[in-house]
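**Q** What follows is work28.tsv, made up of TSV, C-alpha atoms:
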```tsv
chain	number	residue	atom	x	y	z
A	14	MET	CA	-9.27	-8.80	-8.35
A	15	ASN	CA	-10.70	-10.53	-5.27
A	16	GLY	CA	-9.89	-13.85	-6.89
A	17	ARG	CA	-11.03	-13.26	-10.44
A	18	GLU	CA	-9.27	-11.91	-13.50
A	19	VAL	CA	-10.43	-8.47	-14.63
A	20	SER	CA	-9.55	-6.38	-17.69
A	21	VAL	CA	-10.32	-2.66	-17.86
A	22	ILE	CA	-9.65	-0.25	-20.71
A	23	ALA	CA	-8.70	2.97	-18.98
A	24	ASP	CA	-7.03	6.32	-19.44
A	25	PRO	CA	-3.30	6.14	-18.56
A	26	LEU	CA	-3.87	8.59	-15.70
A	27	ASP	CA	-6.87	6.83	-14.17
A	28	ARG	CA	-6.11	6.10	-10.54
A	29	LEU	CA	-6.61	2.60	-9.23
A	30	SER	CA	-9.10	3.97	-6.67
A	31	TYR	CA	-11.21	5.46	-9.49
A	32	ILE	CA	-11.13	2.24	-11.51
A	33	LEU	CA	-12.10	0.15	-8.49
A	34	ARG	CA	-14.95	2.39	-7.41
A	35	ASP	CA	-16.34	3.91	-10.59
A	36	ARG	CA	-15.56	1.26	-13.16
A	37	LEU	CA	-15.79	-1.95	-11.14
A	38	GLY	CA	-18.35	-0.88	-8.55
A	39	LEU	CA	-16.18	-1.76	-5.56
A	40	THR	CA	-17.35	1.17	-3.46
A	41	GLY	CA	-16.16	-0.22	-0.13
A	42	LEU	CA	-12.92	1.71	-0.42
A	43	LYS	CA	-13.30	5.46	0.03
A	44	GLU	CA	-11.46	8.37	-1.53
A	45	GLY	CA	-10.74	10.71	1.34
A	46	CYS	CA	-7.83	13.02	0.58
A	47	CYS	CA	-6.67	11.68	-2.80
A	48	GLU	CA	-3.08	12.37	-1.84
A	49	GLY	CA	-2.05	9.33	0.12
A	50	GLU	CA	-2.44	10.88	3.57
A	51	CYS	CA	-5.66	9.46	5.01
A	52	GLY	CA	-5.57	5.75	4.12
A	53	ALA	CA	-9.33	5.47	3.38
A	54	CYS	CA	-8.57	4.02	-0.06
A	55	THR	CA	-6.24	1.27	1.21
A	56	VAL	CA	-6.37	-2.03	-0.68
A	57	LEU	CA	-3.97	-4.96	-0.75
A	58	VAL	CA	-1.73	-5.28	-3.77
A	59	ASP	CA	-0.03	-8.67	-3.70
A	60	ASP	CA	-0.88	-8.73	0.03
A	61	HIS	CA	0.73	-5.32	0.78
A	62	PRO	CA	-1.43	-2.37	1.86
A	63	VAL	CA	-1.37	0.38	-0.76
A	64	ALA	CA	-3.10	3.77	-1.04
A	65	SER	CA	-5.00	3.14	-4.25
A	66	CYS	CA	-5.41	6.88	-4.92
A	67	LEU	CA	-1.66	7.15	-5.57
A	68	MET	CA	-1.43	4.13	-7.82
A	69	LEU	CA	-2.36	4.22	-11.48
A	70	GLY	CA	-4.47	1.48	-12.94
A	71	LEU	CA	-1.67	0.71	-15.39
A	72	GLN	CA	0.65	-0.04	-12.45
A	73	ALA	CA	-1.77	-2.76	-11.38
A	74	GLU	CA	-1.23	-4.87	-14.44
A	75	GLY	CA	-0.75	-8.49	-13.45
A	76	VAL	CA	-1.05	-8.00	-9.67
A	77	ARG	CA	-3.44	-9.49	-7.12
A	78	ILE	CA	-5.75	-6.91	-5.60
A	79	THR	CA	-7.86	-7.51	-2.52
A	80	THR	CA	-10.49	-4.98	-1.51
A	81	ILE	CA	-12.76	-5.02	1.52
A	82	GLU	CA	-15.35	-6.84	-0.62
A	83	GLY	CA	-12.83	-9.67	-1.05
A	84	LEU	CA	-12.45	-10.31	2.69
A	85	THR	CA	-15.86	-11.83	3.30
A	86	GLN	CA	-15.79	-15.54	3.89
A	87	GLY	CA	-18.67	-17.67	2.65
A	88	GLY	CA	-20.85	-14.59	2.35
A	89	GLY	CA	-20.22	-13.54	5.96
A	90	LEU	CA	-17.81	-11.14	7.59
A	91	SER	CA	-14.21	-12.18	8.15
A	92	GLY	CA	-12.99	-12.57	11.73
A	93	LEU	CA	-11.21	-9.22	11.52
A	94	GLN	CA	-14.33	-7.44	10.25
A	95	GLN	CA	-16.36	-9.08	13.01
A	96	ALA	CA	-13.82	-7.88	15.58
A	97	PHE	CA	-14.38	-4.27	14.45
A	98	LEU	CA	-18.09	-4.74	15.18
A	99	THR	CA	-17.54	-6.51	18.47
A	100	TYR	CA	-15.22	-3.81	19.79
A	101	GLY	CA	-17.30	-0.91	18.46
A	102	ALA	CA	-14.28	0.22	16.45
A	103	VAL	CA	-16.54	2.02	13.99
A	104	GLN	CA	-18.29	5.35	14.26
A	105	CYS	CA	-19.10	7.04	10.95
A	106	GLY	CA	-17.41	4.19	9.09
A	107	PHE	CA	-15.70	6.20	6.36
A	108	CYS	CA	-12.19	5.15	7.40
A	109	THR	CA	-13.19	1.60	8.33
A	110	PRO	CA	-12.61	-0.26	5.04
A	111	GLY	CA	-9.14	1.27	4.78
A	112	MET	CA	-8.42	0.51	8.45
A	113	VAL	CA	-9.49	-3.10	8.00
A	114	MET	CA	-7.39	-3.53	4.86
A	115	ALA	CA	-4.30	-1.96	6.46
A	116	ALA	CA	-4.79	-4.27	9.45
A	117	GLU	CA	-5.39	-7.28	7.21
A	118	GLY	CA	-2.18	-6.58	5.29
A	119	HIS	CA	-0.26	-6.18	8.53
A	120	LEU	CA	-1.60	-9.40	10.05
A	121	ARG	CA	-0.85	-11.39	6.89
A	122	ALA	CA	2.81	-10.42	7.25
A	123	ASN	CA	2.93	-10.24	11.09
A	124	PRO	CA	0.47	-12.68	12.62
A	125	ASP	CA	1.71	-12.29	16.20
A	126	GLY	CA	-0.54	-9.32	17.02
A	127	ASP	CA	2.04	-7.15	18.77
A	128	ARG	CA	0.18	-3.99	19.85
A	129	ALA	CA	2.97	-1.51	19.11
A	130	ALA	CA	3.44	-3.04	15.68
A	131	ILE	CA	-0.31	-2.80	15.01
A	132	ARG	CA	-0.29	0.89	15.90
A	133	HIS	CA	2.66	1.42	13.58
A	134	ALA	CA	0.89	-0.48	10.78
A	135	LEU	CA	-2.20	1.72	11.14
A	136	ALA	CA	-0.24	4.98	11.30
A	137	GLY	CA	-1.16	5.82	7.72
A	138	ASN	CA	-4.90	5.54	8.35
A	139	ILE	CA	-6.73	8.45	9.90
A	140	CYS	CA	-9.99	8.24	11.86
A	141	ARG	CA	-11.59	11.59	12.60
A	142	CYS	CA	-14.34	10.47	14.91
A	143	THR	CA	-14.00	7.49	17.18
A	144	GLY	CA	-10.31	7.48	18.05
A	145	PHE	CA	-7.79	4.72	17.64
A	146	ALA	CA	-7.79	2.71	20.88
A	147	LEU	CA	-10.81	0.55	20.02
A	148	ILE	CA	-9.51	0.00	16.51
A	149	VAL	CA	-6.20	-1.30	17.87
A	150	ASP	CA	-8.14	-3.46	20.37
A	151	ALA	CA	-10.16	-4.93	17.51
A	152	VAL	CA	-7.10	-5.71	15.39
A	153	GLU	CA	-5.31	-7.22	18.38
A	154	SER	CA	-8.27	-9.50	19.10
A	155	GLY	CA	-8.51	-10.36	15.39
A	156	ALA	CA	-4.88	-11.47	15.56
A	157	VAL	CA	-5.48	-13.58	18.67
A	158	ARG	CA	-8.48	-15.25	17.07
A	159	ARG	CA	-6.56	-15.90	13.86
A	160	LEU	CA	-3.69	-17.53	15.74
A	161	ALA	CA	-6.17	-19.68	17.67
A	162	ASP	CA	-7.87	-20.74	14.41
A	163	LEU	CA	-4.48	-21.56	12.92
A	164	SER	CA	-3.44	-23.65	15.88
A	165	ASN	CA	-6.81	-25.47	15.90
A	166	ALA	CA	-6.44	-26.19	12.21
A	167	MET	CA	-2.96	-27.56	12.77
A	168	GLU	CA	-4.18	-29.79	15.61
A	169	ALA	CA	-7.07	-31.01	13.47
A	170	GLY	CA	-4.63	-31.75	10.68
A	171	ALA	CA	-2.25	-33.60	13.03
B	2	MET	CA	-8.53	11.89	-23.67
B	3	THR	CA	-4.79	12.29	-23.09
B	4	LEU	CA	-1.99	12.02	-25.62
B	5	LEU	CA	0.26	10.22	-23.20
B	6	ASN	CA	2.18	7.18	-24.30
B	7	VAL	CA	2.65	4.68	-21.53
B	8	CYS	CA	5.84	2.78	-20.96
B	9	ARG	CA	6.80	0.28	-18.24
B	10	PRO	CA	10.50	-0.50	-18.65
B	11	THR	CA	11.72	-3.71	-17.07
B	12	SER	CA	15.45	-3.06	-17.51
B	13	LEU	CA	17.74	-0.06	-17.00
B	14	ALA	CA	18.79	-0.21	-20.67
B	15	GLU	CA	15.17	0.12	-21.71
B	16	LEU	CA	14.66	3.04	-19.29
B	17	VAL	CA	17.76	4.87	-20.52
B	18	ALA	CA	16.59	4.51	-24.11
B	19	VAL	CA	13.24	6.10	-23.19
B	20	LEU	CA	14.92	8.95	-21.25
B	21	ARG	CA	17.12	9.72	-24.28
B	22	GLY	CA	14.07	9.98	-26.57
B	23	ALA	CA	12.69	13.27	-27.82
B	24	ASP	CA	9.36	13.14	-25.97
B	25	PRO	CA	8.87	14.90	-22.64
B	26	VAL	CA	9.06	12.23	-19.95
B	27	HIS	CA	6.88	11.99	-16.83
B	28	LEU	CA	8.14	9.47	-14.30
B	29	ILE	CA	5.95	7.72	-11.78
B	30	ALA	CA	6.81	5.32	-8.98
B	31	GLY	CA	4.98	5.87	-5.66
B	32	GLY	CA	2.73	8.54	-7.15
B	33	THR	CA	3.32	11.35	-4.66
B	34	ASP	CA	4.96	13.64	-7.23
B	35	LEU	CA	2.59	13.05	-10.11
B	36	LEU	CA	-0.77	12.23	-8.57
B	37	VAL	CA	-1.24	14.42	-5.52
B	38	GLY	CA	-4.48	16.31	-6.08
B	39	SER	CA	-3.39	19.90	-6.51
B	40	ARG	CA	-0.71	19.20	-9.09
B	41	ALA	CA	-1.40	19.47	-12.80
B	42	LEU	CA	-1.37	16.13	-14.57
B	43	PRO	CA	0.61	15.79	-17.78
B	44	ASP	CA	-1.40	15.62	-20.99
B	45	ALA	CA	1.27	14.71	-23.52
B	46	GLY	CA	4.60	12.93	-23.78
B	47	ARG	CA	5.67	9.69	-22.22
B	48	LEU	CA	4.39	8.37	-18.92
B	49	VAL	CA	7.09	6.07	-17.58
B	50	ASP	CA	6.25	3.74	-14.71
B	51	LEU	CA	9.31	2.78	-12.66
B	52	THR	CA	7.66	0.12	-10.51
B	53	ALA	CA	8.33	-2.77	-12.89
B	54	LEU	CA	12.09	-2.22	-12.69
B	55	PRO	CA	13.68	-4.60	-10.19
B	56	ALA	CA	17.07	-2.89	-10.61
B	57	LEU	CA	15.77	0.21	-8.79
B	58	ARG	CA	14.36	-1.66	-5.81
B	59	GLY	CA	15.71	-3.45	-2.81
B	60	ILE	CA	17.84	-3.05	0.29
B	61	ASP	CA	21.32	-4.48	0.52
B	62	THR	CA	22.75	-4.66	4.04
B	63	THR	CA	25.55	-7.13	3.34
B	64	GLY	CA	28.41	-4.62	3.03
B	65	PRO	CA	29.63	-1.82	5.31
B	66	ASP	CA	27.08	0.53	3.74
B	67	ILE	CA	23.33	0.06	3.44
B	68	ARG	CA	22.24	0.44	-0.17
B	69	ILE	CA	18.60	1.36	-0.78
B	70	GLY	CA	17.22	1.36	-4.32
B	71	ALA	CA	15.67	4.63	-5.46
B	72	ALA	CA	12.27	3.01	-6.07
B	73	THR	CA	12.22	1.11	-2.78
B	74	THR	CA	9.04	1.91	-0.86
B	75	VAL	CA	9.03	3.49	2.59
B	76	ALA	CA	7.13	0.44	3.83
B	77	GLU	CA	10.01	-1.75	2.67
B	78	ILE	CA	12.53	0.49	4.44
B	79	GLY	CA	10.43	0.65	7.63
B	80	PRO	CA	11.57	-2.61	9.18
B	81	ILE	CA	15.25	-1.55	9.21
B	82	ALA	CA	14.73	2.10	10.16
B	83	PRO	CA	12.93	2.51	13.50
B	84	ARG	CA	14.81	-0.08	15.53
B	85	PRO	CA	17.11	1.22	18.24
B	86	THR	CA	20.27	0.02	16.57
B	87	PRO	CA	22.51	3.07	16.21
B	88	ALA	CA	25.37	0.96	14.97
B	89	ARG	CA	23.31	-0.06	12.00
B	90	LEU	CA	22.51	3.32	10.50
B	91	PRO	CA	25.27	5.77	11.44
B	92	ARG	CA	25.86	6.91	7.89
B	93	ILE	CA	22.23	7.55	7.08
B	94	LEU	CA	20.93	9.06	10.29
B	95	PRO	CA	23.89	10.21	12.35
B	96	LYS	CA	21.95	12.48	14.70
B	97	SER	CA	18.42	11.33	14.04
B	98	ARG	CA	15.87	11.40	16.81
B	99	LEU	CA	14.56	8.14	15.41
B	100	ILE	CA	17.44	6.44	17.13
B	101	PRO	CA	17.37	6.61	20.91
```
I need this file expressed as C-alpha coordinates, please.

**A**
Amino acid sequence: MNGREVSVIADPLDRLSYILRDRLGLTGLKEGCCEGECGACTVLVDDHPVASCLMLGLQAEGVRITTIEGLTQGGGLSGLQQAFLTYGAVQCGFCTPGMVMAAEGHLRANPDGDRAAIRHALAGNICRCTGFALIVDAVESGAVRRLADLSNAMEAGA
Amino acid sequence: MTLLNVCRPTSLAELVAVLRGADPVHLIAGGTDLLVGSRALPDAGRLVDLTALPALRGIDTTGPDIRIGAATTVAEIGPIAPRPTPARLPRILPKSRLIP
(Lines of atoms letter the chains of each structure in order from A and count residues from 1; the text may use other names and numbers.)
(Lines give C-alpha, C1' and ligand atoms only; values in the text may rest on other atoms or scores of the structure.)
Protein backbone atom coordinates (compact mmCIF):
# COMPACT_ATOMS: atom_id res chain seq x y z
CA MET A 1 0.00 0.00 0.00
CA ASN A 2 1.82 3.11 -1.24
CA GLY A 3 5.09 1.37 -0.48
CA ARG A 4 4.36 -0.19 2.88
CA GLU A 5 2.92 -3.53 3.91
CA VAL A 6 -0.57 -3.39 5.39
CA SER A 7 -2.76 -6.07 6.98
CA VAL A 8 -6.49 -5.56 7.50
CA ILE A 9 -8.99 -7.94 9.06
CA ALA A 10 -12.14 -7.43 7.04
CA ASP A 11 -15.48 -8.92 6.13
CA PRO A 12 -15.22 -11.07 2.97
CA LEU A 13 -17.57 -8.68 1.17
CA ASP A 14 -15.79 -5.47 2.13
CA ARG A 15 -14.93 -3.58 -1.04
CA LEU A 16 -11.39 -2.39 -1.55
CA SER A 17 -12.70 1.20 -1.80
CA TYR A 18 -14.32 0.87 1.66
CA ILE A 19 -11.17 -0.60 3.20
CA LEU A 20 -8.99 2.12 1.71
CA ARG A 21 -11.22 4.99 2.75
CA ASP A 22 -12.87 3.89 5.99
CA ARG A 23 -10.30 1.54 7.44
CA LEU A 24 -7.02 3.02 6.22
CA GLY A 25 -8.04 6.68 6.01
CA LEU A 26 -7.02 7.09 2.37
CA THR A 27 -9.89 9.40 1.51
CA GLY A 28 -8.37 10.76 -1.69
CA LEU A 29 -10.27 8.20 -3.74
CA LYS A 30 -14.00 8.84 -3.95
CA GLU A 31 -16.94 6.47 -4.13
CA GLY A 32 -19.17 7.92 -6.82
CA CYS A 33 -21.47 5.29 -8.30
CA CYS A 34 -20.24 2.14 -6.56
CA GLU A 35 -20.85 0.14 -9.71
CA GLY A 36 -17.72 0.66 -11.75
CA GLU A 37 -19.15 3.30 -14.08
CA CYS A 38 -17.72 6.63 -12.91
CA GLY A 39 -14.05 5.91 -12.19
CA ALA A 40 -13.84 8.18 -9.10
CA CYS A 41 -12.50 5.27 -7.02
CA THR A 42 -9.68 4.37 -9.44
CA VAL A 43 -6.45 3.15 -7.84
CA LEU A 44 -3.50 1.28 -9.31
CA VAL A 45 -3.27 -2.42 -8.58
CA ASP A 46 0.15 -3.68 -9.68
CA ASP A 47 0.34 -0.53 -11.84
CA HIS A 48 -3.03 -1.16 -13.60
CA PRO A 49 -5.96 1.21 -13.04
CA VAL A 50 -8.81 -0.56 -11.24
CA ALA A 51 -12.23 0.57 -9.99
CA SER A 52 -11.73 -0.21 -6.31
CA CYS A 53 -15.50 -0.30 -5.68
CA LEU A 54 -15.74 -3.49 -7.74
CA MET A 55 -12.80 -5.23 -6.13
CA LEU A 56 -13.04 -7.02 -2.82
CA GLY A 57 -10.38 -6.49 -0.22
CA LEU A 58 -9.66 -10.21 -0.28
CA GLN A 59 -8.78 -9.96 -3.98
CA ALA A 60 -6.06 -7.49 -3.04
CA GLU A 61 -4.05 -9.99 -1.07
CA GLY A 62 -0.39 -9.73 -2.00
CA VAL A 63 -0.74 -6.94 -4.61
CA ARG A 64 0.81 -3.48 -4.82
CA ILE A 65 -1.75 -0.72 -4.47
CA THR A 66 -1.06 2.91 -5.29
CA THR A 67 -3.58 5.57 -4.34
CA ILE A 68 -3.47 9.29 -5.05
CA GLU A 69 -1.76 9.73 -1.66
CA GLY A 70 1.08 7.54 -2.94
CA LEU A 71 1.87 9.77 -5.93
CA THR A 72 3.36 12.68 -4.03
CA GLN A 73 7.09 12.97 -4.38
CA GLY A 74 9.14 14.22 -1.45
CA GLY A 75 6.02 15.67 0.14
CA GLY A 76 5.11 17.66 -2.98
CA LEU A 77 2.80 17.02 -5.89
CA SER A 78 3.91 14.73 -8.71
CA GLY A 79 4.44 16.25 -12.15
CA LEU A 80 1.10 14.84 -13.31
CA GLN A 81 -0.75 16.31 -10.33
CA GLN A 82 0.96 19.65 -10.93
CA ALA A 83 -0.12 19.53 -14.58
CA PHE A 84 -3.78 19.23 -13.50
CA LEU A 85 -3.32 22.45 -11.51
CA THR A 86 -1.43 24.24 -14.25
CA TYR A 87 -4.06 23.46 -16.88
CA GLY A 88 -7.03 24.14 -14.60
CA ALA A 89 -8.19 20.57 -15.20
CA VAL A 90 -10.10 20.61 -11.92
CA GLN A 91 -13.44 22.13 -11.05
CA CYS A 92 -15.26 20.52 -8.13
CA GLY A 93 -12.46 17.97 -7.80
CA PHE A 94 -14.54 14.90 -7.01
CA CYS A 95 -13.42 13.00 -10.11
CA THR A 96 -9.85 14.31 -10.00
CA PRO A 97 -8.10 11.63 -7.91
CA GLY A 98 -9.59 8.91 -10.11
CA MET A 99 -8.69 10.85 -13.27
CA VAL A 100 -5.11 11.28 -12.09
CA MET A 101 -4.77 7.61 -11.18
CA ALA A 102 -6.24 6.43 -14.50
CA ALA A 103 -3.83 8.78 -16.29
CA GLU A 104 -0.91 7.67 -14.14
CA GLY A 105 -1.64 4.01 -14.92
CA HIS A 106 -1.91 4.80 -18.61
CA LEU A 107 1.36 6.76 -18.71
CA ARG A 108 3.24 4.04 -16.82
CA ALA A 109 2.32 1.60 -19.60
CA ASN A 110 2.29 4.10 -22.51
CA PRO A 111 4.75 6.92 -21.89
CA ASP A 112 4.50 8.43 -25.38
CA GLY A 113 1.53 10.68 -24.56
CA ASP A 114 -0.54 10.00 -27.68
CA ARG A 115 -3.68 12.14 -27.33
CA ALA A 116 -6.15 9.63 -28.75
CA ALA A 117 -4.74 6.93 -26.48
CA ILE A 118 -5.05 9.25 -23.46
CA ARG A 119 -8.70 9.90 -24.27
CA HIS A 120 -9.28 6.16 -24.56
CA ALA A 121 -7.51 5.55 -21.25
CA LEU A 122 -9.73 8.10 -19.50
CA ALA A 123 -12.95 6.81 -21.06
CA GLY A 124 -13.93 5.09 -17.82
CA ASN A 125 -13.68 8.27 -15.75
CA ILE A 126 -16.56 10.70 -15.76
CA CYS A 127 -16.32 14.43 -14.99
CA ARG A 128 -19.66 16.16 -14.57
CA CYS A 129 -18.49 19.74 -14.38
CA THR A 130 -15.42 20.97 -16.18
CA GLY A 131 -15.34 18.84 -19.31
CA PHE A 132 -12.57 16.66 -20.62
CA ALA A 133 -10.44 18.81 -22.93
CA LEU A 134 -8.35 20.43 -20.18
CA ILE A 135 -7.90 17.09 -18.46
CA VAL A 136 -6.52 15.56 -21.65
CA ASP A 137 -4.30 18.64 -22.10
CA ALA A 138 -2.95 18.17 -18.58
CA VAL A 139 -2.21 14.48 -19.06
CA GLU A 140 -0.57 15.16 -22.42
CA SER A 141 1.69 17.79 -20.87
CA GLY A 142 2.41 15.44 -17.95
CA ALA A 143 3.57 12.86 -20.49
CA VAL A 144 5.79 15.37 -22.30
CA ARG A 145 7.36 16.48 -19.03
CA ARG A 146 7.92 12.89 -17.94
CA LEU A 147 9.65 12.02 -21.21
CA ALA A 148 11.84 15.12 -20.88
CA ASP A 149 12.76 14.15 -17.30
CA LEU A 150 13.57 10.64 -18.46
CA SER A 151 15.77 11.83 -21.27
CA ASN A 152 17.56 14.31 -18.95
CA ALA A 153 18.14 11.53 -16.45
CA MET A 154 19.58 9.32 -19.17
CA GLU A 155 21.90 12.11 -20.36
CA ALA A 156 23.00 12.77 -16.79
CA GLY A 157 23.67 9.08 -16.36
CA ALA A 158 25.64 8.89 -19.63
CA MET B 1 -21.21 -10.58 10.06
CA THR B 2 -21.55 -12.94 7.10
CA LEU B 3 -21.34 -16.72 7.08
CA LEU B 4 -19.42 -16.77 3.84
CA ASN B 5 -16.40 -18.98 3.46
CA VAL B 6 -13.79 -17.49 1.19
CA CYS B 7 -11.83 -19.48 -1.32
CA ARG B 8 -9.23 -18.40 -3.89
CA PRO B 9 -8.42 -21.41 -6.05
CA THR B 10 -5.14 -21.30 -7.93
CA SER B 11 -5.76 -24.34 -10.15
CA LEU B 12 -8.71 -25.63 -12.17
CA ALA B 13 -8.68 -28.88 -10.17
CA GLU B 14 -9.09 -26.91 -6.97
CA LEU B 15 -11.92 -24.86 -8.51
CA VAL B 16 -13.76 -27.95 -9.77
CA ALA B 17 -13.55 -29.51 -6.32
CA VAL B 18 -15.14 -26.40 -4.79
CA LEU B 19 -17.90 -26.29 -7.45
CA ARG B 20 -18.75 -29.94 -6.73
CA GLY B 21 -19.13 -29.23 -3.00
CA ALA B 22 -22.48 -29.02 -1.25
CA ASP B 23 -22.32 -25.31 -0.36
CA PRO B 24 -23.97 -22.67 -2.54
CA VAL B 25 -21.20 -21.03 -4.56
CA HIS B 26 -20.88 -17.32 -5.38
CA LEU B 27 -18.26 -16.59 -8.01
CA ILE B 28 -16.44 -13.29 -8.32
CA ALA B 29 -13.94 -12.07 -10.89
CA GLY B 30 -14.38 -8.47 -12.12
CA GLY B 31 -17.14 -7.78 -9.59
CA THR B 32 -19.85 -6.49 -11.92
CA ASP B 33 -22.21 -9.40 -11.21
CA LEU B 34 -21.75 -9.61 -7.48
CA LEU B 35 -20.91 -6.10 -6.31
CA VAL B 36 -23.01 -3.67 -8.31
CA GLY B 37 -24.95 -1.63 -5.78
CA SER B 38 -28.54 -2.66 -6.33
CA ARG B 39 -27.90 -6.40 -6.21
CA ALA B 40 -28.31 -8.39 -3.02
CA LEU B 41 -25.04 -9.65 -1.62
CA PRO B 42 -24.79 -13.29 -0.58
CA ASP B 43 -24.76 -13.98 3.15
CA ALA B 44 -23.91 -17.67 3.24
CA GLY B 45 -22.10 -20.33 1.24
CA ARG B 46 -18.79 -20.11 -0.52
CA LEU B 47 -17.37 -16.96 -2.04
CA VAL B 48 -14.99 -18.08 -4.77
CA ASP B 49 -12.57 -15.56 -6.23
CA LEU B 50 -11.50 -16.44 -9.77
CA THR B 51 -8.78 -13.81 -10.15
CA ALA B 52 -5.97 -15.96 -8.75
CA LEU B 53 -6.47 -18.59 -11.46
CA PRO B 54 -3.98 -18.11 -14.29
CA ALA B 55 -5.67 -20.87 -16.33
CA LEU B 56 -8.71 -18.63 -16.90
CA ARG B 57 -6.75 -15.60 -18.08
CA GLY B 58 -4.85 -14.60 -21.13
CA ILE B 59 -5.11 -14.07 -24.87
CA ASP B 60 -3.62 -16.50 -27.35
CA THR B 61 -3.30 -15.19 -30.90
CA THR B 62 -0.82 -17.75 -32.19
CA GLY B 63 -3.31 -20.04 -33.98
CA PRO B 64 -6.00 -19.36 -36.58
CA ASP B 65 -8.44 -18.51 -33.78
CA ILE B 66 -8.03 -15.94 -31.01
CA ARG B 67 -8.56 -17.57 -27.63
CA ILE B 68 -9.54 -15.29 -24.75
CA GLY B 69 -9.68 -16.67 -21.22
CA ALA B 70 -13.01 -16.24 -19.44
CA ALA B 71 -11.46 -14.17 -16.64
CA THR B 72 -9.44 -11.93 -18.96
CA THR B 73 -10.21 -8.29 -18.26
CA VAL B 74 -11.67 -5.92 -20.85
CA ALA B 75 -8.59 -3.73 -20.37
CA GLU B 76 -6.42 -6.67 -21.39
CA ILE B 77 -8.56 -7.30 -24.47
CA GLY B 78 -8.63 -3.60 -25.41
CA PRO B 79 -5.30 -3.44 -27.21
CA ILE B 80 -6.32 -6.11 -29.75
CA ALA B 81 -9.94 -5.04 -30.22
CA PRO B 82 -10.24 -1.45 -31.49
CA ARG B 83 -7.56 -1.50 -34.16
CA PRO B 84 -8.73 -1.35 -37.75
CA THR B 85 -7.56 -4.82 -38.62
CA PRO B 86 -10.59 -6.67 -39.97
CA ALA B 87 -8.49 -9.65 -40.92
CA ARG B 88 -7.61 -10.15 -37.29
CA LEU B 89 -11.05 -10.53 -35.77
CA PRO B 90 -13.43 -11.89 -38.42
CA ARG B 91 -14.69 -14.70 -36.23
CA ILE B 92 -15.40 -12.56 -33.21
CA LEU B 93 -16.81 -9.41 -34.75
CA PRO B 94 -17.84 -10.19 -38.30
CA LYS B 95 -20.05 -7.13 -38.80
CA SER B 96 -18.98 -5.00 -35.90
CA ARG B 97 -18.98 -1.24 -36.22
CA LEU B 98 -15.79 -1.27 -34.19
CA ILE B 99 -13.99 -2.27 -37.34
CA PRO B 100 -14.03 0.35 -40.08

**Q** Taking a cut-off of 6 Å and counting only C-alpha atoms, can you build a table that, for each residue of chain B near chain A, reports the nearest atom pair and how far apart they are in Å (one decimal), sorted by chain then residue number, as JSON lines?

**A**
```
{"residue": "B:Gly32", "atom": "CA", "partner": "A:Leu67", "partner_atom": "CA", "distance": 4.9}
{"residue": "B:Leu36", "atom": "CA", "partner": "A:Leu67", "partner_atom": "CA", "distance": 6.0}
{"residue": "B:Val37", "atom": "CA", "partner": "A:Glu48", "partner_atom": "CA", "distance": 4.6}
{"residue": "B:Gly38", "atom": "CA", "partner": "A:Glu48", "partner_atom": "CA", "distance": 6.0}
```

**Q** Restricting it to C-alpha atoms, dump the selection as a short mmCIF file (atom, residue, chain, number, x, y, z; two decimals), in the coordinates of the input.

**A**
```cif
data_model
loop_
_atom_site.label_atom_id
_atom_site.label_comp_id
_atom_site.auth_asym_id
_atom_site.auth_seq_id
_atom_site.Cartn_x
_atom_site.Cartn_y
_atom_site.Cartn_z
CA GLY B 32 2.73 8.54 -7.15
CA LEU B 36 -0.77 12.23 -8.57
CA VAL B 37 -1.24 14.42 -5.52
CA GLY B 38 -4.48 16.31 -6.08
#
```

**Q** To one decimal place in Å, what is the distance between atom CA of A:Gly16 and atom CA of B:Thr52?

**A**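 These atoms are spaced 22.7 Å apart.
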
**Q** As a ChimeraX atom specification, please: the residues near B:Ala14 (cut-off 12 Å, only C-alpha atoms, same-chain neighbours under 6 positions excluded).

**A** /B:20-21,54,56

**Q** In Å to one decimal, how far is atom CA of B:Leu51 from atom CA of A:Leu135?

**A**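 Atom CA of A:Leu135 sits 26.5 Å away from atom CA of B:Leu51.
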
**Q** Please identify all polymer residues within 10 Å of A:Leu84, counting all atoms listed in the file, omitting same-chain residues fewer than 5 positions from it, and present them as an MDAnalysis selection string.

**A** chainID A and resid 15 79 89:94 113:114 117

**Q** Give the answer as one residue: which of B:Arg58, B:His27, B:Arg40, B:Asp50 has the shortest atom-to-atom distance to B:Val75, using only C-alpha atoms?

**A**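 The answer is B:Arg58, which sits nearest to B:Val75.
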
**Q** Name the closest residue to B:Leu42 among the candidates B:Ile67, B:Leu28, B:Pro55, B:Ala76; distances are taken between atoms, counting all atoms listed in the file.

**A**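 Going through B:Ile67, B:Leu28, B:Pro55, B:Ala76 one by one, the smallest distance to B:Leu42 is for B:Leu28.
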
**Q** What does the structure give for the distance between atom CA of A:Leu163 and atom CA of A:Val103, in Å to one decimal?

**A**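 Value for the atom CA of A:Leu163-atom CA of A:Val103 distance: 26.5 Å.
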
**Q** Counting all atoms listed in the file, what is within 8 Å of A:Arg128, bar same-chain residues fewer than 4 positions away, as a PyMOL selection string?

**A** chain A and resi 132+149+153

**Q** With distances taken over only C-alpha atoms, which of A:Leu37, A:Met14, A:Leu120, A:Leu98 is nearest to A:Ala151?

**A**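 Once distances to A:Ala151 are computed over only C-alpha atoms, the minimum belongs to A:Leu98.
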
**Q** Which of these, B:Ile78, B:Ala30, B:Leu16, B:Ala41, has the shortest distance to B:Gly59 once you count all atoms listed in the file?

**A**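 Once distances to B:Gly59 are computed over all atoms listed in the file, the minimum belongs to B:Ile78.
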
**Q** From the list B:Thr62, B:Ala71, B:Val49, B:Leu5, which residue is nearest B:Ala18 when using all atoms listed in the file?

**A**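 Among the listed residues, B:Val49 lies closest to B:Ala18.
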
**Q** List as a PyMOL selection string the protein and nucleic acid residues near A:Arg17, meaning an atom at most 12 Å away when only C-alpha atoms are counted, but skip any in the same chain fewer than 2 places from it.

**A** chain A and resi 14-15+19-20+75-79+83

**Q** Nearest residue to A:Cys105 out of A:Gly137, A:Gly144, A:Val157, A:Gly118, using all atoms listed in the file?

**A**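 Of all the options, A:Gly144 lies closest to A:Cys105.
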
**Q** If the box runs along x, y and z of the file and leaves 5 Å on each side of stretch 44-60 of chain B, what are its centre and edge lengths in Å, one decimal, as AutoDock Vina command-line options?

**A**
```
--center_x 8.2 --center_y 5.5 --center_z -11.7 --size_x 29.2 --size_y 30.2 --size_z 34.1
```
